[in-house]
Every structure is written in structure tokens, then in C-alpha cells.
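Participant: Have a look at this one.
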Amino acid sequence: MSQRPRAIDQDLRARAKRVIPNGMYGHEATHLLPDNYPQFFSRAKGAHLWDADGNRYIDYMAAYGPNLFGYGCPEIDEAATLQLAKGDTLTGPSEIMVELAELFVGMISHAEWAIFCKNGTDATSMAIMIARAHRGKRKILCARGAYHGAAAWCNPFRVGTLPEDRAHIVYYDYNDPESLQAAAKIHAGDIAGVFATPFQHEAFLDQHMPTFEYAKAAQELSSHEDALLIVDDIRAGFRLSRDCSWSDLGVDPDLSTWGKAIANGYPISALLGSDVAREAASRVFVTGSFWFSAVPMAAAIATLKRIKETDYLEHTVTMGTRLRAGLDTQARQFGFGLRQTGPSQMPQILFEDDPDFRLGYAWVSACIEHGVYFSPYHNMFLTAAHRSDDIEETLLATEKAFQMLRKGAKSLGPVPQLQILKAMVG
């Protein structure tokens, strides 16, 4: 297999390593990805991405979720550009902040107010503060292994954090009402909030949708303890529903956190709340130098309007379902088993009989050489910009990747990148 040119990317990595710790940091670093994955990109449009060397990919990561309508959506970019001409980060917020809050609150059934910030971690950490301010309680119930951001209280890696940072975080097993109730029983009377992701979407694991029994148990427990139920919709918001992701289950949270897709890539996140949490929200102090910037708010208004007025959701489900079916057929033809879990528009693709991920890593490594950007361990994202011809082109590439995998599967060894992960966890 001949590799695509990567000289510019390699040069950028060498330069970055001199001026950036480890050469890159965070979830967009390529340290855990196959060696042929590019670190730096030059441009993007629609569902397509070009790396620094000019190689084109059909992108199924959408910048790890922020692009709902594809890169460079003209209507959203135009709204941002018009606002930029008026002003962005000002001494006070633009009047469009009120318009955005009204629009957002009007779209989410449980919401009566909104606070805007920048990152998912901002919103989830703010939700904890408000939950604790609500009744002066301390304990926050979180599902074991669930990702809620990179602050010390929820960072998936313990380096640089203290046990005290998590002293009042209590863990339970996702989708397990008995585990949730057992955790609550130990701390009854001191529970400030119950955190839940809309569905279970951890890296390196199959995804699982929530049962009604689990969601209802979380709601009833919160009510019984006079605590706040918090749905963390940062990743899944507007990808499962045009309302809060748990609305389809008939469960309305007291707080919901939003980010990624709400402005199609412009930097903004949000915390929405019910009237039950309004008084506590009015007492906590939260702020940020760029939280009130107007350009991302203009982009968010344009994005929310497209969410209301277009069939983007149905389209992404259709495209995801078509991709899933095609991959299942190919895998069977070449003698492999795939575990495709979660919503088709947010797919997780793992291999059966692949405990150390060597098959998955080799397969996505072949896919990227044929112009398809998949993740070997993280859930992915379809966008409104993915079209039928993108799916067809993807399936041509994946067929070639399956062919290569079948030829070389027996010679594959352990994945070196996962040794890095073990060291990080340790």
C-alpha cells in the first residue's frame, strides 16, 4: 500500500514539538491514532477535509462533533461574517445574546433560561456549581467512565489532579437503575445532582442507548432527593432530536449542557435550565473573557434556525443507516464481524474478536490511505453535508480496506499507540 504524501505534516510536527508540549495536546492530538493519520489540516468544505499536504478525505469526525451542517455552511458563515463587521468581543454583550437565548429556550421543552459559555467543560462544571447551590448539598452522581470534560473533577486521566478534586463525585453504572439507587442510598440527603449522558458513548467501547427504566429512575431519584437532574447533551445535542435528547423518553432534566453542534463549529456552548434551577443559577458567579462574543452567537442563531427548518436530522439518519448497511455487507463478504453500535448518525465501529484493536487499527489505517477518515476508537458523526455519493465513495474505499485487512490480518501485531494509552491511564 503506497502512502499519501505527508512531508509538510511531518515538518509541522517537528516544529510543533519544539514549541508545544509533546507536539500536540488534547483530544485532537494524533498520539493514539495510526501513524499515517495527519495531525494538521489546511482547509475543509462540506463533508470533506484536506490535510496540510493537500490530501482529501471524506470526514466522519466533523471536528469531533461541532459541524452539524458540514464545514463552511454558507448561511451560517454569512451570519457570522455580518456580525463580525458590527463587532464581536465587546465591553458588553450584543443584543443578539437575548435573541439567541429566546430562540434556544423556545426550542427545548424543559428550558426556561440559558447561560452561554465556550466549551463543554465550562457548561458541565457550571451545572455542578448550580446543582450544589440549589440546596447546599455536595454529592454529584456520575456514570462510571462517562466523559463530561477535562476539568479536574471529570478528567479521564488523573495526572495533575488530586483525589480531593473528586471527593464528592459518586459513581454508578450507566443504564443500571439498581446501581444508581445503591449509590444514592449511601449518600441520601447530600445529593446535589445526577449527571447522565443521553446515551453511553465512551471511547474504545460499544455504545448503548438508555433504557426508559434507567432514565426514569434518574428523574425520580433527583426529585426524591430534591437534587437536579443534568443531561449532558454536549456531544449528542441536536443529533438525536430537535429537543433535549432525553425528551423522546419523556424525561425532562432540570439542567442540560450543550455545545459542539449548536453553532456549526463556532466556539460557543450553553447551559439550559428549568425554573426549578433559576434561583441557584442567579446566585453563582460564572464568567469568561470570551463567553459574550457575538460572532459565535450569530452563528448559533443561524444554526438553530436551520435545525428547526430543515430535514438535517432525517438526512443524517438516512446517510448513517446506508453506511452501516454497506459496511455490514462488506464485513461479512470478507469474513469479519463488525460491531456497529449507537445511533447510525453517531456510529461507533469496532471489530468482533479484536480485544487489542489490531484489526480495527489496521482497517482504518487502510481507509485513510483511500481517502476516508474514520476513528478506530471514538464514535463518529454524520453531517447534513454527507451525500449519497460520499457514502458510495466511502464504501469503495472500505471495500479496498477490507481486502487489505484479509490479506494481512494474520501478520498484525499489538497496536503501539495503545501502550501510550496504558501509560496515560496508569
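By convention in this document, the chains of the C-alpha cells carry letters A, B, ... by their order, each chain's residues are numbered from 1, and ligands are numbered from 1 in the order they are shown.
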DSSP on the backbone, alpha helix (DSSP H) only: what residues of segment 171-352 of chain A does that give? Format it as a VMD selection string.

Facilitator: chain A and resid 177 to 186 212 to 224 278 to 283 294 to 309 312 to 333

Participant: Neighbouring residues of segment 166-168 of chain A were defined as those with any atom within 9 Å, considering only C-alpha atoms; residues of the same chain fewer than 6 positions away were excluded. Please report them as a PyMOL selection string.

Facilitator: chain A and resi 138-141+152-154

Participant: Calculated over only C-alpha atoms, which of the candidates A:Gln330, A:Thr89, A:Gln417, A:Thr383 has the smallest distance to Asp35 of chain A?

Facilitator: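 Selected residue with least distance to Asp35 of chain A: A:Gln417.
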
Participant: Work out how far apart atom CA of Gly26 of chain A and atom CA of Gly149 of chain A are and give it in Å to one decimal.

Facilitator: 10.9 Å

Participant: Skipping near chain neighbours, those fewer than 2 positions away, what residues fall within 6 Å of segment 302-310 of chain A using only C-alpha atoms, listed as a PDB file with C-alpha atoms, in the first residue's frame?

Facilitator:
```
ATOM      1  CA  ILE A  76     -24.131  30.128   8.919  1.00  0.00           C
ATOM      2  CA  ALA A 263     -23.091  26.828  16.154  1.00  0.00           C
ATOM      3  CA  ALA A 299     -23.637  31.559  14.047  1.00  0.00           C
ATOM      4  CA  ALA A 300     -25.656  29.755  16.711  1.00  0.00           C
ATOM      5  CA  TYR A 312     -30.978  17.641   8.502  1.00  0.00           C
TER       6      TYR A 312
END
```

Participant: Would you kindly return, as an MDAnalysis selection string, each protein, DNA or RNA residue with an atom no farther than 6 Å from any atom of Met380 of chain A, considering only C-alpha atoms and excluding same-chain residues fewer than 5 positions away?

Facilitator: chainID A and resid 60:61 346:347

Participant: Given the choices A:Asn264, A:Ser375, A:Gln207, A:Thr124, which gets closest to Arg339 of chain A if the distance is worked out from only C-alpha atoms?

Facilitator: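 With only C-alpha atoms as the atom set, the closest residue is A:Gln207.
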
Participant: Go through A:Ala281, A:Leu205, A:Glu314, A:Cys244 one by one, measure the shortest atom-to-atom distance of each to Gln348 of chain A using only C-alpha atoms, and give the residue with the smallest value.

Facilitator: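 Between A:Ala281, A:Leu205, A:Glu314, A:Cys244, the residue approaching Gln348 of chain A most closely is A:Leu205.
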
Participant: Excluding Gly70 of chain A and any residue of its chain fewer than 2 positions from it, enumerate the residues within 8 Å of it, using only C-alpha atoms, and give them as JSON, numbers by chain.

Facilitator: {"A": [45, 46, 47, 62, 67, 68, 72, 73, 264, 383, 384, 385, 386]}

Participant: Pick out each residue of segment 206-307 of chain A that DSSP on the backbone tags as strand (DSSP E); I need them as a PyMOL selection string.

Facilitator: chain A and resi 228-232+255-258+269-273

Participant: Need the shell around Ala151 of chain A: protein/DNA/RNA residues with any atom at most 10 Å away, counting only C-alpha atoms. Skip same-chain ones fewer than 5 positions apart. Format as a list in words?

Facilitator: Thr121, Asp122, Thr124, Ser125, Pro156, Thr161 and Asp165 of chain A

Participant: One decimal, in Å: what's the spacing between atom CA of Lys422 of chain A and atom CA of Lys410 of chain A?

Facilitator: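 Spanning atom CA of Lys422 of chain A to atom CA of Lys410 of chain A is a straight-line distance of 24.2 Å.
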
Participant: Excluding Ala218 of chain A and any residue of its chain fewer than 4 positions from it, enumerate the residues within 9 Å of it, using only C-alpha atoms, and give them as a PDB file with C-alpha atoms, in the first residue's frame.

Facilitator:
```pdb
ATOM      1  CA  PRO A 177     -31.143   1.661  37.950  1.00  0.00           C
ATOM      2  CA  LEU A 180     -27.804   4.266  40.622  1.00  0.00           C
ATOM      3  CA  GLN A 181     -30.119   3.698  43.570  1.00  0.00           C
ATOM      4  CA  VAL A 194     -27.400  13.360  38.986  1.00  0.00           C
ATOM      5  CA  PHE A 195     -25.399  13.517  35.733  1.00  0.00           C
ATOM      6  CA  ALA A 196     -26.274  11.420  32.692  1.00  0.00           C
ATOM      7  CA  GLU A 213     -36.305   2.470  33.278  1.00  0.00           C
ATOM      8  CA  TYR A 214     -32.860   3.973  33.814  1.00  0.00           C
ATOM      9  CA  SER A 222     -33.447  13.501  41.635  1.00  0.00           C
ATOM     10  CA  SER A 223     -36.962  14.511  42.590  1.00  0.00           C
ATOM     11  CA  LEU A 229     -31.118  16.005  37.058  1.00  0.00           C
TER      12      LEU A 229
END
```

Participant: When distances are computed from only C-alpha atoms, which of A:Thr30, A:Ser109, A:Gln200, A:Asn119 shows the smallest separation from Asn175 of chain A?

Facilitator: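 Checking each candidate against Asn175 of chain A, we get A:Gln200 as the closest.
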
Participant: As an exercise, work out the distance from atom CA of Arg144 of chain A to atom CA of Arg158 of chain A in Å and give it to one decimal place.

Facilitator: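 Interatomic distance here is 14.4 Å.
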